[in-house]
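S.K.: My structure is stored as model.txt, with compact mmCIF, C-alpha atoms.
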```txt
# COMPACT_ATOMS: atom_id res chain seq x y z
CA MET N 1 -20.90 4.71 24.30
CA LYS N 2 -18.72 2.68 22.00
CA ARG N 3 -14.96 2.79 22.36
CA ILE N 4 -12.42 1.85 19.70
CA GLY N 5 -12.29 -1.81 20.73
CA ASN N 6 -9.89 -3.03 18.04
CA ILE N 7 -6.70 -4.34 19.62
CA PHE N 8 -4.90 -4.31 16.27
CA ALA N 9 -5.44 -0.56 16.09
CA THR N 10 -3.55 0.06 19.33
CA LYS N 11 0.13 0.96 19.41
CA TRP N 12 1.12 -2.57 20.39
CA GLY N 13 -1.33 -3.97 17.90
CA ILE N 14 0.30 -2.30 14.93
CA ILE N 15 3.79 -3.08 16.26
CA GLY N 16 2.74 -6.73 16.56
CA VAL N 17 1.41 -6.77 13.01
CA GLY N 18 4.62 -5.20 11.69
CA ALA N 19 6.62 -7.81 13.59
CA VAL N 20 4.58 -10.72 12.20
CA ILE N 21 5.04 -9.45 8.64
CA GLY N 22 8.74 -9.00 9.49
CA ILE N 23 8.94 -12.73 10.26
CA LEU N 24 6.75 -14.03 7.42
CA ALA N 25 8.41 -12.07 4.59
CA PRO N 26 11.99 -13.34 5.14
CA LEU N 27 10.54 -16.82 5.73
CA LEU N 28 8.96 -16.67 2.28
CA GLN N 29 12.44 -15.98 0.90
CA LYS N 30 13.77 -19.00 2.74
CA LEU N 31 10.92 -21.05 1.26
CA GLY N 32 11.57 -20.01 -2.32
CA ASN N 33 10.68 -16.38 -3.01
CA PRO N 34 13.46 -14.21 -4.55
CA ALA N 35 16.11 -12.73 -2.25
CA ASN N 36 15.07 -9.58 -0.38
CA MET N 37 11.67 -10.06 -2.03
CA GLY N 38 9.71 -12.13 0.47
CA ILE N 39 6.95 -9.67 -0.21
CA CYS N 40 7.06 -6.93 -2.80
CA VAL N 41 3.66 -5.67 -3.78
CA ALA N 42 4.93 -3.88 -6.88
CA CYS N 43 7.15 -6.77 -8.03
CA PHE N 44 4.43 -9.34 -7.41
CA GLU N 45 1.77 -7.34 -9.25
CA ARG N 46 4.32 -6.99 -12.05
CA ASP N 47 4.76 -10.78 -12.02
CA ILE N 48 0.97 -11.17 -12.24
CA ALA N 49 0.95 -8.78 -15.21
CA GLY N 50 3.54 -11.09 -16.78
CA ALA N 51 1.58 -14.24 -15.94
CA ILE N 52 -1.42 -12.94 -17.86
CA GLY N 53 0.71 -11.62 -20.71
CA LEU N 54 0.33 -7.86 -20.21
CA HIS N 55 4.10 -7.78 -20.71
CA ARG N 56 6.39 -10.48 -22.01
CA ALA N 57 9.49 -10.02 -19.87
CA GLY N 58 10.34 -13.71 -19.57
CA VAL N 59 12.00 -13.52 -16.15
CA VAL N 60 9.11 -11.93 -14.28
CA GLN N 61 6.00 -14.00 -14.98
CA TYR N 62 4.20 -15.67 -12.09
CA MET N 63 0.68 -15.58 -10.67
CA ARG N 64 1.72 -14.57 -7.16
CA PRO N 65 -0.61 -16.04 -4.53
CA GLU N 66 0.53 -13.52 -1.91
CA ILE N 67 -1.26 -10.67 -3.69
CA ILE N 68 -4.43 -12.75 -3.99
CA GLY N 69 -4.12 -13.64 -0.28
CA PHE N 70 -3.75 -9.98 0.70
CA VAL N 71 -7.06 -9.08 -0.90
CA LEU N 72 -8.97 -12.17 0.24
CA GLY N 73 -7.52 -12.02 3.78
CA SER N 74 -8.68 -8.44 4.05
CA LEU N 75 -12.10 -9.39 2.66
CA ILE N 76 -12.48 -12.08 5.32
CA ALA N 77 -11.41 -9.69 8.12
CA ALA N 78 -13.78 -7.02 6.81
CA TYR N 79 -16.70 -9.46 6.89
CA VAL N 80 -15.81 -10.98 10.27
CA PHE N 81 -15.63 -7.52 11.87
CA LYS N 82 -18.49 -6.01 9.85
CA GLU N 83 -16.27 -3.49 8.11
CA PHE N 84 -17.04 -4.41 4.51
CA ARG N 85 -18.10 -1.08 2.97
CA PRO N 86 -18.65 -1.16 -0.80
CA ARG N 87 -17.77 2.33 -2.06
CA VAL N 88 -16.68 3.93 -5.32
CA GLY N 89 -16.54 7.19 -7.19
CA SER N 90 -13.60 9.18 -5.85
CA ALA N 91 -11.69 10.22 -8.97
CA PRO N 92 -11.16 6.73 -10.44
CA ILE N 93 -9.25 7.92 -13.53
CA VAL N 94 -6.83 9.85 -11.30
CA ARG N 95 -6.29 6.79 -9.14
CA PHE N 96 -5.63 4.69 -12.23
CA VAL N 97 -3.02 7.14 -13.52
CA LEU N 98 -1.40 7.38 -10.06
CA GLY N 99 -1.26 3.57 -9.96
CA VAL N 100 0.45 3.45 -13.36
CA PHE N 101 3.14 5.92 -12.34
CA ALA N 102 3.55 4.43 -8.86
CA MET N 103 4.44 1.16 -10.57
CA ILE N 104 6.74 2.82 -13.09
CA GLY N 105 8.61 4.58 -10.26
CA ALA N 106 8.79 1.45 -8.14
CA LEU N 107 10.21 -0.57 -11.04
CA VAL N 108 12.93 2.02 -11.64
CA PHE N 109 14.04 1.42 -8.03
CA LEU N 110 13.11 -2.28 -8.23
CA GLY N 111 10.71 -2.55 -5.36
CA CYS N 112 7.78 -1.02 -3.51
CA PRO N 113 8.13 0.46 0.01
CA TRP N 114 7.67 -3.04 1.47
CA ARG N 115 10.61 -4.34 -0.52
CA ALA N 116 12.66 -1.21 0.20
CA TRP N 117 12.51 -2.21 3.88
CA LEU N 118 13.19 -5.87 3.08
CA ARG N 119 16.17 -4.91 0.92
CA LEU N 120 17.55 -2.82 3.76
CA ALA N 121 16.85 -5.65 6.23
CA GLY N 122 18.80 -7.97 3.92
CA GLY N 123 21.82 -5.64 3.85
CA ASP N 124 21.22 -3.92 0.50
CA GLY N 125 22.60 -0.40 1.08
CA ASN N 126 21.01 0.90 -2.12
CA ALA N 127 17.67 0.66 -0.35
CA ILE N 128 18.70 3.62 1.82
CA PHE N 129 18.46 5.90 -1.22
CA GLY N 130 15.16 4.33 -2.22
CA LEU N 131 13.76 4.98 1.24
CA LEU N 132 15.07 8.54 1.22
CA GLY N 133 13.38 9.06 -2.14
CA LEU N 134 10.18 7.54 -0.77
CA VAL N 135 10.16 9.92 2.19
CA PHE N 136 10.91 12.88 -0.08
CA GLY N 137 8.06 11.95 -2.42
CA ILE N 138 5.66 11.54 0.49
CA TRP N 139 6.83 14.89 1.88
CA ILE N 140 5.92 16.56 -1.43
CA GLY N 141 2.53 14.85 -1.14
CA THR N 142 1.99 16.33 2.34
CA LEU N 143 2.59 19.82 0.92
CA PHE N 144 -0.32 19.22 -1.46
CA PHE N 145 -2.49 17.95 1.38
CA LYS N 146 -1.73 21.10 3.37
CA ALA N 147 -2.66 23.17 0.33
CA GLY N 148 -6.06 21.52 0.10
CA TYR N 149 -5.43 18.64 -2.34
CA ASN N 150 -8.35 16.23 -2.23
CA LEU N 151 -9.52 13.37 -4.46
CA GLY N 152 -13.14 13.91 -3.52
CA ARG N 153 -15.72 11.76 -1.78
CA THR N 154 -16.67 8.17 -2.44
CA GLN N 155 -20.29 7.06 -2.61
CA PRO N 156 -21.70 3.92 -1.01
CA THR N 157 -22.60 1.36 -3.65
CA TYR N 158 -23.98 -2.15 -4.16
CA THR N 159 -22.35 -5.02 -2.28
CA SER N 160 -21.63 -6.71 -5.61
CA VAL N 161 -19.45 -3.77 -6.69
CA GLY N 162 -17.25 -4.22 -3.62
CA TRP N 163 -16.96 -7.89 -4.50
CA LEU N 164 -15.72 -7.38 -8.06
CA PHE N 165 -12.03 -7.03 -7.27
CA PRO N 166 -11.96 -9.90 -4.74
CA LEU N 167 -13.74 -11.97 -7.43
CA ILE N 168 -11.04 -11.09 -9.94
CA MET N 169 -8.50 -12.32 -7.38
CA LEU N 170 -10.49 -15.54 -6.89
CA GLY N 171 -10.49 -15.94 -10.67
CA PHE N 172 -6.71 -15.51 -10.75
CA LEU N 173 -6.38 -18.09 -7.98
CA ALA N 174 -8.57 -20.51 -9.94
CA LEU N 175 -6.31 -20.02 -12.98
CA ARG N 176 -3.26 -20.76 -10.83
CA PHE N 177 -4.87 -24.06 -9.75
CA ILE N 178 -6.16 -24.98 -13.21
CA PHE N 179 -2.89 -24.16 -14.99
CA PRO N 180 -0.09 -24.99 -12.52
CA PRO N 181 3.54 -24.52 -13.55
CA VAL N 182 4.96 -27.38 -15.64
CA ASP N 183 8.67 -28.19 -15.38
CA GLY N 184 10.61 -26.65 -18.25
CA GLN N 185 7.52 -25.03 -19.80
CA ALA N 186 7.16 -21.24 -20.11
CA LYS N 187 3.42 -21.56 -20.53
CA SER N 188 0.76 -23.65 -18.85
CA GLY N 189 -2.66 -23.27 -20.42
CA ILE N 190 -3.19 -19.52 -20.66
CA LEU N 191 -0.71 -18.56 -17.92
CA PHE N 192 2.88 -17.55 -18.56
CA TYR N 193 5.63 -18.74 -16.26
CA SER N 194 9.33 -17.90 -15.90
CA LEU N 195 11.97 -20.57 -16.42
CA LYS N 196 14.67 -18.42 -14.80
CA GLY N 197 14.98 -15.15 -12.90
CA PRO N 198 12.85 -13.85 -10.03
CA GLY N 199 9.62 -15.09 -11.67
CA ALA N 200 10.90 -18.65 -11.42
CA MET N 201 11.53 -18.31 -7.70
CA HIS N 202 8.54 -18.84 -5.49
CA ALA N 203 7.51 -20.46 -2.25
CA PRO N 204 5.04 -23.37 -2.50
CA LEU N 205 1.57 -22.25 -3.59
CA LEU N 206 -0.23 -22.99 -0.34
CA VAL N 207 2.47 -21.39 1.82
CA SER N 208 2.36 -18.21 -0.26
CA LEU N 209 -1.42 -18.15 -0.19
CA ILE N 210 -1.76 -18.80 3.55
CA PHE N 211 0.92 -16.25 4.46
CA GLY N 212 -0.84 -13.79 2.16
CA LEU N 213 -4.19 -14.47 3.81
CA ILE N 214 -2.72 -14.00 7.30
CA ILE N 215 -1.07 -10.71 6.33
CA GLY N 216 -4.21 -9.52 4.54
CA PHE N 217 -6.28 -10.27 7.63
CA ILE N 218 -4.07 -8.60 10.22
CA ALA N 219 -3.18 -5.67 7.96
CA GLN N 220 -6.86 -4.94 7.37
CA ARG N 221 -7.42 -4.90 11.14
CA SER N 222 -4.38 -2.74 11.91
CA ARG N 223 -4.47 -0.46 8.81
CA PHE N 224 -0.74 -1.20 8.31
CA CYS N 225 0.56 1.23 5.68
CA THR N 226 4.14 1.92 4.63
CA THR N 227 3.22 5.29 3.11
CA GLY N 228 0.84 6.48 5.79
CA ALA N 229 3.69 5.77 8.22
CA PHE N 230 5.76 8.66 6.90
CA ARG N 231 2.79 10.80 5.84
CA ASP N 232 1.32 10.86 9.36
CA LEU N 233 4.75 11.42 10.88
CA ILE N 234 5.40 14.43 8.64
CA LEU N 235 1.86 15.81 8.59
CA PHE N 236 0.69 15.20 12.18
CA ARG N 237 3.85 14.14 14.07
CA GLN N 238 1.97 10.89 14.71
CA THR N 239 4.09 7.77 15.18
CA HIS N 240 1.30 5.18 15.14
CA LEU N 241 1.70 3.70 11.62
CA PHE N 242 5.40 4.51 11.66
CA SER N 243 5.95 2.26 14.67
CA GLY N 244 4.39 -0.62 12.73
CA VAL N 245 6.72 -0.12 9.80
CA VAL N 246 9.78 0.20 12.05
CA ALA N 247 8.77 -3.06 13.75
CA PHE N 248 8.45 -4.66 10.29
CA GLY N 249 11.94 -3.56 9.19
CA THR N 250 13.60 -4.39 12.51
CA VAL N 251 12.08 -7.84 12.89
CA ALA N 252 12.80 -8.63 9.21
CA PHE N 253 16.44 -7.71 9.88
CA ILE N 254 16.61 -9.99 12.93
CA THR N 255 14.88 -12.81 11.05
CA ASN N 256 17.35 -12.42 8.19
CA LEU N 257 20.25 -12.66 10.67
CA ILE N 258 18.79 -15.87 12.09
CA LEU N 259 18.14 -17.36 8.64
CA GLY N 260 21.58 -16.33 7.32
CA GLN N 261 20.01 -13.96 4.78
CA PHE N 262 21.84 -10.77 5.77
CA HIS N 263 24.53 -9.78 3.27
CA PRO N 264 25.59 -6.13 3.68
CA GLY N 265 26.88 -4.18 0.68
CA PHE N 266 26.01 -2.02 -2.31
CA VAL N 267 27.13 -4.10 -5.28
CA LYS N 268 25.78 -7.37 -6.62
CA GLN N 269 22.74 -7.15 -4.37
CA PRO N 270 19.90 -9.42 -5.48
CA VAL N 271 17.44 -7.92 -7.98
CA ALA N 272 18.89 -4.45 -7.47
CA HIS N 273 21.09 -1.90 -9.20
CA ASN N 274 23.30 0.76 -7.62
CA MET N 275 22.45 3.83 -9.68
CA THR N 276 21.89 5.99 -6.61
CA ILE N 277 20.12 8.93 -8.23
CA TRP N 278 17.59 6.70 -9.95
CA ASN N 279 17.01 4.58 -6.88
CA PHE N 280 16.11 7.85 -5.17
CA ALA N 281 14.12 9.34 -8.05
CA GLY N 282 12.16 6.17 -8.81
CA MET N 283 10.98 5.88 -5.23
CA MET N 284 10.36 9.62 -5.01
CA LEU N 285 7.87 9.23 -7.86
CA ALA N 286 6.33 6.13 -6.28
CA GLY N 287 6.12 7.79 -2.85
CA LEU N 288 4.41 10.86 -4.26
CA ALA N 289 1.93 8.74 -6.21
CA PHE N 290 1.16 6.55 -3.16
CA ALA N 291 0.71 9.62 -0.96
CA LEU N 292 -1.63 11.31 -3.44
CA ALA N 293 -3.63 8.08 -3.75
CA GLY N 294 -3.98 7.71 0.03
CA GLY N 295 -1.84 4.68 0.78
CA CYS N 296 0.97 2.29 -0.07
CA PRO N 297 0.43 -0.54 -2.59
CA GLY N 298 -0.24 -3.03 0.21
CA ARG N 299 -2.81 -0.78 1.81
CA GLN N 300 -4.51 -0.34 -1.58
CA LEU N 301 -4.90 -4.14 -1.76
CA PHE N 302 -6.33 -4.30 1.77
CA LEU N 303 -8.76 -1.46 0.97
CA SER N 304 -9.77 -3.28 -2.22
CA GLY N 305 -10.60 -6.29 -0.07
CA GLU N 306 -12.89 -4.29 2.21
CA GLY N 307 -14.94 -2.95 -0.70
CA ASP N 308 -13.08 0.17 -1.82
CA GLY N 309 -13.50 0.17 -5.61
CA ASP N 310 -11.25 3.21 -6.04
CA ALA N 311 -8.34 1.45 -4.34
CA ALA N 312 -9.02 -1.46 -6.70
CA ILE N 313 -8.69 0.92 -9.67
CA PHE N 314 -5.32 2.02 -8.28
CA VAL N 315 -4.21 -1.62 -8.10
CA ILE N 316 -5.35 -2.24 -11.68
CA GLY N 317 -3.42 0.90 -12.65
CA MET N 318 -0.33 -0.61 -11.08
CA ILE N 319 -0.77 -3.90 -12.95
CA VAL N 320 -1.26 -2.05 -16.25
CA GLY N 321 1.69 0.19 -15.32
CA ALA N 322 3.84 -2.92 -15.05
CA GLY N 323 2.86 -3.69 -18.64
CA PHE N 324 3.97 -0.22 -19.75
CA SER N 325 7.16 -0.52 -17.70
CA HIS N 326 8.37 -3.70 -19.33
CA ASN N 327 6.95 -3.15 -22.82
CA PHE N 328 8.46 0.33 -23.13
CA GLY N 329 11.84 -0.34 -21.48
CA LEU N 330 11.10 1.76 -18.39
CA ALA N 331 11.84 -0.90 -15.77
CA SER N 332 15.31 -1.34 -14.34
CA SER N 333 17.26 -4.58 -14.15
CA PRO N 334 20.33 -5.53 -12.10
CA LYS N 335 22.35 -3.95 -14.95
CA GLY N 336 20.80 -0.56 -14.31
CA ILE N 337 17.85 1.54 -15.37
CA GLY N 338 15.94 0.82 -18.56
CA PRO N 339 16.54 2.83 -21.77
CA HIS N 340 13.51 5.03 -21.14
CA GLY N 341 13.40 4.91 -17.33
CA MET N 342 14.63 8.47 -16.90
CA ALA N 343 12.04 9.96 -19.25
CA ALA N 344 9.28 7.97 -17.55
CA VAL N 345 10.25 9.20 -14.07
CA ILE N 346 10.30 12.82 -15.24
CA ILE N 347 6.94 12.49 -17.00
CA GLY N 348 5.51 10.73 -13.94
CA LEU N 349 6.65 13.50 -11.61
CA LEU N 350 5.13 16.14 -13.90
CA VAL N 351 1.84 14.23 -14.01
CA CYS N 352 1.77 13.88 -10.21
CA LEU N 353 2.52 17.60 -9.79
CA PHE N 354 -0.27 18.41 -12.24
CA ILE N 355 -2.69 16.27 -10.23
CA GLY N 356 -1.50 17.64 -6.89
CA ILE N 357 -1.69 21.27 -7.95
CA THR N 358 -4.98 21.19 -9.82
CA MET N 359 -7.10 18.96 -7.58
CA ARG N 360 -7.61 21.45 -4.79
CA GLU N 361 -10.78 22.62 -3.16
CA LYS N 362 -10.94 26.39 -3.26
CA ALA N 363 -11.03 27.62 0.29
CA MET B 1 -25.04 23.31 18.67
CA ALA B 2 -21.69 21.63 18.13
CA ASN B 3 -19.43 22.36 15.17
CA VAL B 4 -19.81 19.61 12.58
CA VAL B 5 -17.06 18.18 10.39
CA ASP B 6 -18.42 16.05 7.56
CA ALA B 7 -15.61 13.70 6.49
CA ARG B 8 -17.83 11.00 5.04
CA GLY B 9 -16.47 9.38 1.90
CA LEU B 10 -13.04 10.94 2.27
CA SER B 11 -9.89 8.84 2.42
CA CYS B 12 -6.73 9.16 4.48
CA PRO B 13 -5.54 11.63 5.64
CA GLN B 14 -8.50 13.97 4.95
CA PRO B 15 -10.72 13.14 7.97
CA VAL B 16 -7.83 13.74 10.38
CA LEU B 17 -6.73 16.91 8.57
CA MET B 18 -10.26 18.32 8.73
CA THR B 19 -10.63 17.40 12.40
CA LEU B 20 -7.33 19.03 13.33
CA ASP B 21 -8.24 22.15 11.34
CA GLU B 22 -11.49 22.43 13.26
CA ILE B 23 -9.71 21.82 16.57
CA LYS B 24 -7.32 24.67 15.76
CA LYS B 25 -10.22 26.91 14.84
CA VAL B 26 -12.41 26.44 17.92
CA ASN B 27 -9.78 25.62 20.58
CA SER B 28 -12.35 24.25 23.03
CA GLY B 29 -15.95 23.12 23.27
CA GLN B 30 -17.57 20.31 21.34
CA ILE B 31 -17.02 19.05 17.79
CA GLU B 32 -19.02 16.44 15.96
CA ILE B 33 -17.23 14.50 13.20
CA LEU B 34 -19.01 12.33 10.65
CA VAL B 35 -17.02 9.50 9.06
CA ASP B 36 -18.00 6.35 7.17
CA THR B 37 -15.20 3.86 7.81
CA ASP B 38 -13.78 2.25 10.93
CA THR B 39 -10.31 3.36 9.88
CA SER B 40 -11.39 7.00 9.88
CA LYS B 41 -13.18 6.51 13.21
CA GLU B 42 -9.98 5.22 14.81
CA ASN B 43 -7.75 7.82 13.16
CA VAL B 44 -9.96 10.75 14.12
CA SER B 45 -10.30 9.51 17.71
CA ARG B 46 -6.56 9.02 18.01
CA ALA B 47 -5.80 12.44 16.54
CA ALA B 48 -8.30 14.20 18.82
CA GLU B 49 -6.89 12.52 21.90
CA SER B 50 -3.35 13.46 20.88
CA GLN B 51 -4.51 17.11 20.95
CA GLY B 52 -5.86 16.79 24.48
CA TRP B 53 -9.48 16.41 23.40
CA LYS B 54 -11.74 13.75 24.86
CA VAL B 55 -13.81 11.39 22.75
CA VAL B 56 -17.10 11.53 24.67
CA ASP B 57 -19.26 9.50 22.33
CA ILE B 58 -19.20 7.47 19.13
CA GLN B 59 -22.63 6.77 17.70
CA ALA B 60 -22.87 4.08 15.03
CA GLU B 61 -25.51 4.84 12.45
CA ALA B 62 -26.50 2.89 9.33
CA GLN B 63 -23.43 3.54 7.15
CA GLU B 64 -21.53 6.01 9.29
CA TYR B 65 -20.15 7.03 12.65
CA ARG B 66 -20.84 10.23 14.54
CA ILE B 67 -17.85 11.01 16.76
CA ILE B 68 -18.30 13.62 19.48
CA ILE B 69 -15.15 15.15 20.94
CA GLU B 70 -14.88 17.71 23.70
CA LYS B 71 -12.42 19.98 25.44
CA ASP B 72 -13.13 22.38 28.29
```
If you took the structure in this file and wrote it as C-alpha cells, what would it be?
M.R.:
Amino acid sequence: MKRIGNIFATKWGIIGVGAVIGILAPLLQKLGNPANMGICVACFERDIAGAIGLHRAGVVQYMRPEIIGFVLGSLIAAYVFKEFRPRVGSAPIVRFVLGVFAMIGALVFLGCPWRAWLRLAGGDGNAIFGLLGLVFGIWIGTLFFKAGYNLGRTQPTYTSVGWLFPLIMLGFLALRFIFPPVDGQAKSGILFYSLKGPGAMHAPLLVSLIFGLIIGFIAQRSRFCTTGAFRDLILFRQTHLFSGVVAFGTVAFITNLILGQFHPGFVKQPVAHNMTIWNFAGMMLAGLAFALAGGCPGRQLFLSGEGDGDAAIFVIGMIVGAGFSHNFGLASSPKGIGPHGMAAVIIGLLVCLFIGITMREKA
Amino acid sequence: MANVVDARGLSCPQPVLMTLDEIKKVNSGQIEILVDTDTSKENVSRAAESQGWKVVDIQAEAQEYRIIIEKD
C-alpha cells in the first residue's frame, strides 16, 4: 500500500509554499522588479513577448528569467520525484484561444491572479475589484464544470514532446545570456529591451532565475494554483489550495510592511489604473479563461515543466495574446484602459461562453 | 466487482468531480478510480477522505494509478 507521501501536498505543505512565494515576490521588488510586480506571470510573459518583438510596446520588453525558472524548476522537481509525464492532445486549439483571452483580460486589469494578490498586499485597493472579478469569472467556470464541460483526455506521448517547451525556455535563457542588456540601448543582438517603464525594472539575472527555479520546484510539488484555490472552494468547499493562496497574500503583505513597500490607496498605484468596472471585467474574463483551461497562469507553467504539452499551448497562447493586446490597443496603462480594451473583453467573454457551453459531454 | 471511474488523461477538476459524482451515486461500498498523474492521485484521495471514505489502496502501474476507496 502506497500512501500520498508528498509533504508539499499536505495542508501545511501548501501553506508553507504560499508563504515562501509571499516572501520571495516582494523581495524581488526590493531587488529591482517593478512595484507590486515581484511576480506577475501575465506581465512577465508579456515582457517576454516584447523582448522577442511580438509587440513593440517600448516600456514592456524584457526576457524575464522568473518565467524560465518556473518551467525549469518544475521540470527538475518532476524528474527528481519521477512525475515527468509527457502528454498532449486535449483540445490544443481551445487552450490556445483561452490563453490568448486570459492574457487580454489580465492586461486590461494589469496583472494575473498572482499580481492581483501582490497589488493588494502592497496596498493597491483597485486589486480588490480585480480579485472580485477573478472569483466571479471562476464561479462562471464552475457552472460549466457542473454542466459537464470537459476539454477531453490527453494521450501519453514521447518524452521529447514533453521536453519541447522546457527547451524553448532554455533557448530563451541562452538568448538572455548571449544578448545581455546594454546601457542606453533598446536592443541587444536580437532581443529588445526597455529603457524606461516596468520593462526596464528587473532584479539581477541570477537572482530572478534562482528565485524562479525555487518557486517552480516547490509549486510543482505542492500544485500551488491561484485559480484552483477559488474553483475548489466554490465547487467542492475544499480549502486546500485556497489556504496556500491566502498564505501567499498574507505573508506578502507582512513582507511588504517589513520592507516599507506597503502604500495603501486607490490612486497613483504603481502600474495600475482605477477604472473599477474594467478592473473587475478584465479579471472576470481572465478568471473564466483560467478556470476553463484548468489552472492559473503559474500552474500552466508548472504543468508545462512536467511534460503537459497542452498547458504549454496555453502559455504560448498567452504570449501571443500579449502581442495582440499591445499591437491592437487592448492593454491598459496607468492612464486607463486601451482604446479597444472594452471590445476585447466583451469578445473574450463571448468566446469563453461559446467554449463553455458547447464543449459538454452529453450525459 | 467495484465501480470504476476512469479519469485518466483528464485535467483538474475532472477526476475529483467524477469521483464525487460516483460517491454520491453509490453511497457506500468500494470504488476504483484510475488516474494518470500524481496531482490527480492526491486530489482524488483528499476528496474521498473529505467525504468520509477511506483510501484502502493505491496501486502504481506503468503510466497510471489505481486508487481504491471504500466506505461501509
S.K.: Show me, as number ranges by chain, the residues that have an atom within 12 Å of Lys30 in chain N when counting all atoms listed in the file, minus same-chain residues fewer than 2 positions from it.
M.R.: N: 23-28, 32-39, 201-204, 207-208, 255-256, 258-262
S.K.: For chain B, list the residues within 10 Å of chain N, counting only C-alpha atoms, and write the list as a ChimeraX atom specification.
M.R.: /B:7-14,16-17,20,36-39,41-43,45-47,50,55-60,63,67
S.K.: For Pro92 in chain N, find every residue with an atom within 8 Å (counting only C-alpha atoms), except residues of its own chain fewer than 5 positions away, and show them as number ranges by chain.
M.R.: N: 310, 313-314
S.K.: Let me make sure I understand: among B:Ile68, B:Val44, B:Val5, B:Val35, which one has the smallest atom-to-atom distance to Glu22 in chain B if we use only C-alpha atoms?
M.R.: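 Between B:Ile68, B:Val44, B:Val5, B:Val35, the residue approaching Glu22 in chain B most closely is B:Val5.
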S.K.: Kindly provide, as AutoDock Vina command-line options, the centre and edge lengths (Å, one decimal) of an axis-aligned box around all atoms of range 12-16 of chain B given in the file, with 3 Å on each side.
M.R.:
```
--center_x -8.1 --center_y 11.6 --center_z 7.4 --size_x 11.2 --size_y 10.8 --size_z 11.9
```
S.K.: At what distance in Å, to one decimal, does CA of Val20 in chain N lie from CA of Gly305 in chain N?
M.R.: 20.0 Å
S.K.: Can you tell me how far CA of Met284 in chain N sits from CA of Gly197 in chain N, in Å to one decimal?
M.R.: 26.4 Å
S.K.: Rounded to one decimal, what separation in Å do you get between CA of Tyr158 in chain N and CA of Ile316 in chain N?
M.R.: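 Distance between the two atoms: 20.1 Å.
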S.K.: Can you list, as an MDAnalysis selection string, every protein, DNA or RNA residue that comes within 7 Å of range 160-164 of chain N when you count only C-alpha atoms, leaving out same-chain residues fewer than 3 positions away?
M.R.: chainID N and resid 86:87 157 167:168 307:309
S.K.: Choose the residue, out of N:Leu349, N:Val71, N:Leu285, N:Val320, that has the smallest atom-to-atom separation from Gly50 in chain N; count all atoms listed in the file.
M.R.: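 The closest residue to Gly50 in chain N is N:Val320.
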S.K.: So that I can check the surroundings of Lys54 in chain B, please list as a PyMOL selection string every protein, DNA and RNA residue that reaches within 8 Å of it, counting only C-alpha atoms and ignoring chain neighbours fewer than 4 positions away.
M.R.: chain B and resi 48-49+69-71
S.K.: Output C-alpha atoms for every residue in that selection, as a short mmCIF file (atom, residue, chain, number, x, y, z; two decimals), in the frame of the given file.
M.R.:
```cif
data_model
loop_
_atom_site.label_atom_id
_atom_site.label_comp_id
_atom_site.auth_asym_id
_atom_site.auth_seq_id
_atom_site.Cartn_x
_atom_site.Cartn_y
_atom_site.Cartn_z
CA ALA B 48 -8.30 14.20 18.82
CA GLU B 49 -6.89 12.52 21.90
CA ILE B 69 -15.15 15.15 20.94
CA GLU B 70 -14.88 17.71 23.70
CA LYS B 71 -12.42 19.98 25.44
#
```
S.K.: Quick one: everything within 9 Å of Gln185 in chain N, counting all atoms listed in the file, minus sequence neighbours fewer than 5 positions away in the same chain. Send it as number ranges by chain.
M.R.: N: 192-195
S.K.: Print the selection's residues with C-alpha atoms to a file, as an mmCIF file, in the coordinates of the input.
M.R.:
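Saved result, again.cif, follows:
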```cif
data_model
loop_
_atom_site.group_PDB
_atom_site.id
_atom_site.type_symbol
_atom_site.label_atom_id
_atom_site.label_comp_id
_atom_site.auth_asym_id
_atom_site.auth_seq_id
_atom_site.Cartn_x
_atom_site.Cartn_y
_atom_site.Cartn_z
ATOM 1 C CA PHE N 192 2.880 -17.550 -18.560
ATOM 2 C CA TYR N 193 5.630 -18.740 -16.260
ATOM 3 C CA SER N 194 9.330 -17.900 -15.900
ATOM 4 C CA LEU N 195 11.970 -20.570 -16.420
#
```
S.K.: Can you find the residues with an atom no farther than 8 Å from (-0.4, -20.7, -17.2), counting all atoms listed in the file, and report them as a short mmCIF file (atom, residue, chain, number, x, y, z; two decimals) with C-alpha atoms, keeping the file's coordinate frame?
M.R.:
```cif
data_model
loop_
_atom_site.label_atom_id
_atom_site.label_comp_id
_atom_site.auth_asym_id
_atom_site.auth_seq_id
_atom_site.Cartn_x
_atom_site.Cartn_y
_atom_site.Cartn_z
CA ALA N 51 1.58 -14.24 -15.94
CA ILE N 52 -1.42 -12.94 -17.86
CA LEU N 175 -6.31 -20.02 -12.98
CA ARG N 176 -3.26 -20.76 -10.83
CA PHE N 179 -2.89 -24.16 -14.99
CA PRO N 180 -0.09 -24.99 -12.52
CA PRO N 181 3.54 -24.52 -13.55
CA LYS N 187 3.42 -21.56 -20.53
CA SER N 188 0.76 -23.65 -18.85
CA GLY N 189 -2.66 -23.27 -20.42
CA ILE N 190 -3.19 -19.52 -20.66
CA LEU N 191 -0.71 -18.56 -17.92
CA PHE N 192 2.88 -17.55 -18.56
CA TYR N 193 5.63 -18.74 -16.26
#
```
S.K.: Looking at all atoms listed in the file, which of B:Ala62, B:Asp6, B:Ser40, B:Trp53 is the one that sits closest to Lys24 in chain B?
M.R.: B:Trp53
S.K.: Using all atoms listed in the file, pick whichever of B:Glu61, B:Asn3, B:Arg66, B:Gln51 has the shortest atom-to-atom distance to Leu34 in chain B.
M.R.: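 So, comparing all the options, the nearest one is B:Arg66.
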S.K.: Provide range 323-337 of chain N of the preceding structure as a file containing C-alpha atoms, as a compact mmCIF listing (two decimals), in the first residue's frame.
M.R.:
```
# COMPACT_ATOMS: atom_id res chain seq x y z
CA GLY N 323 1.18 40.57 -28.84
CA PHE N 324 -2.48 41.13 -29.77
CA SER N 325 -3.04 43.15 -26.60
CA HIS N 326 -0.32 45.68 -27.28
CA ASN N 327 -0.49 45.74 -31.08
CA PHE N 328 -4.26 46.31 -31.12
CA GLY N 329 -4.52 48.76 -28.20
CA LEU N 330 -6.31 46.31 -25.90
CA ALA N 331 -3.93 46.55 -22.94
CA SER N 332 -4.44 49.13 -20.21
CA SER N 333 -1.85 51.57 -18.93
CA PRO N 334 -1.75 53.66 -15.74
CA LYS N 335 -3.85 56.20 -17.69
CA GLY N 336 -6.69 53.72 -18.08
CA ILE N 337 -7.91 51.04 -20.43
```
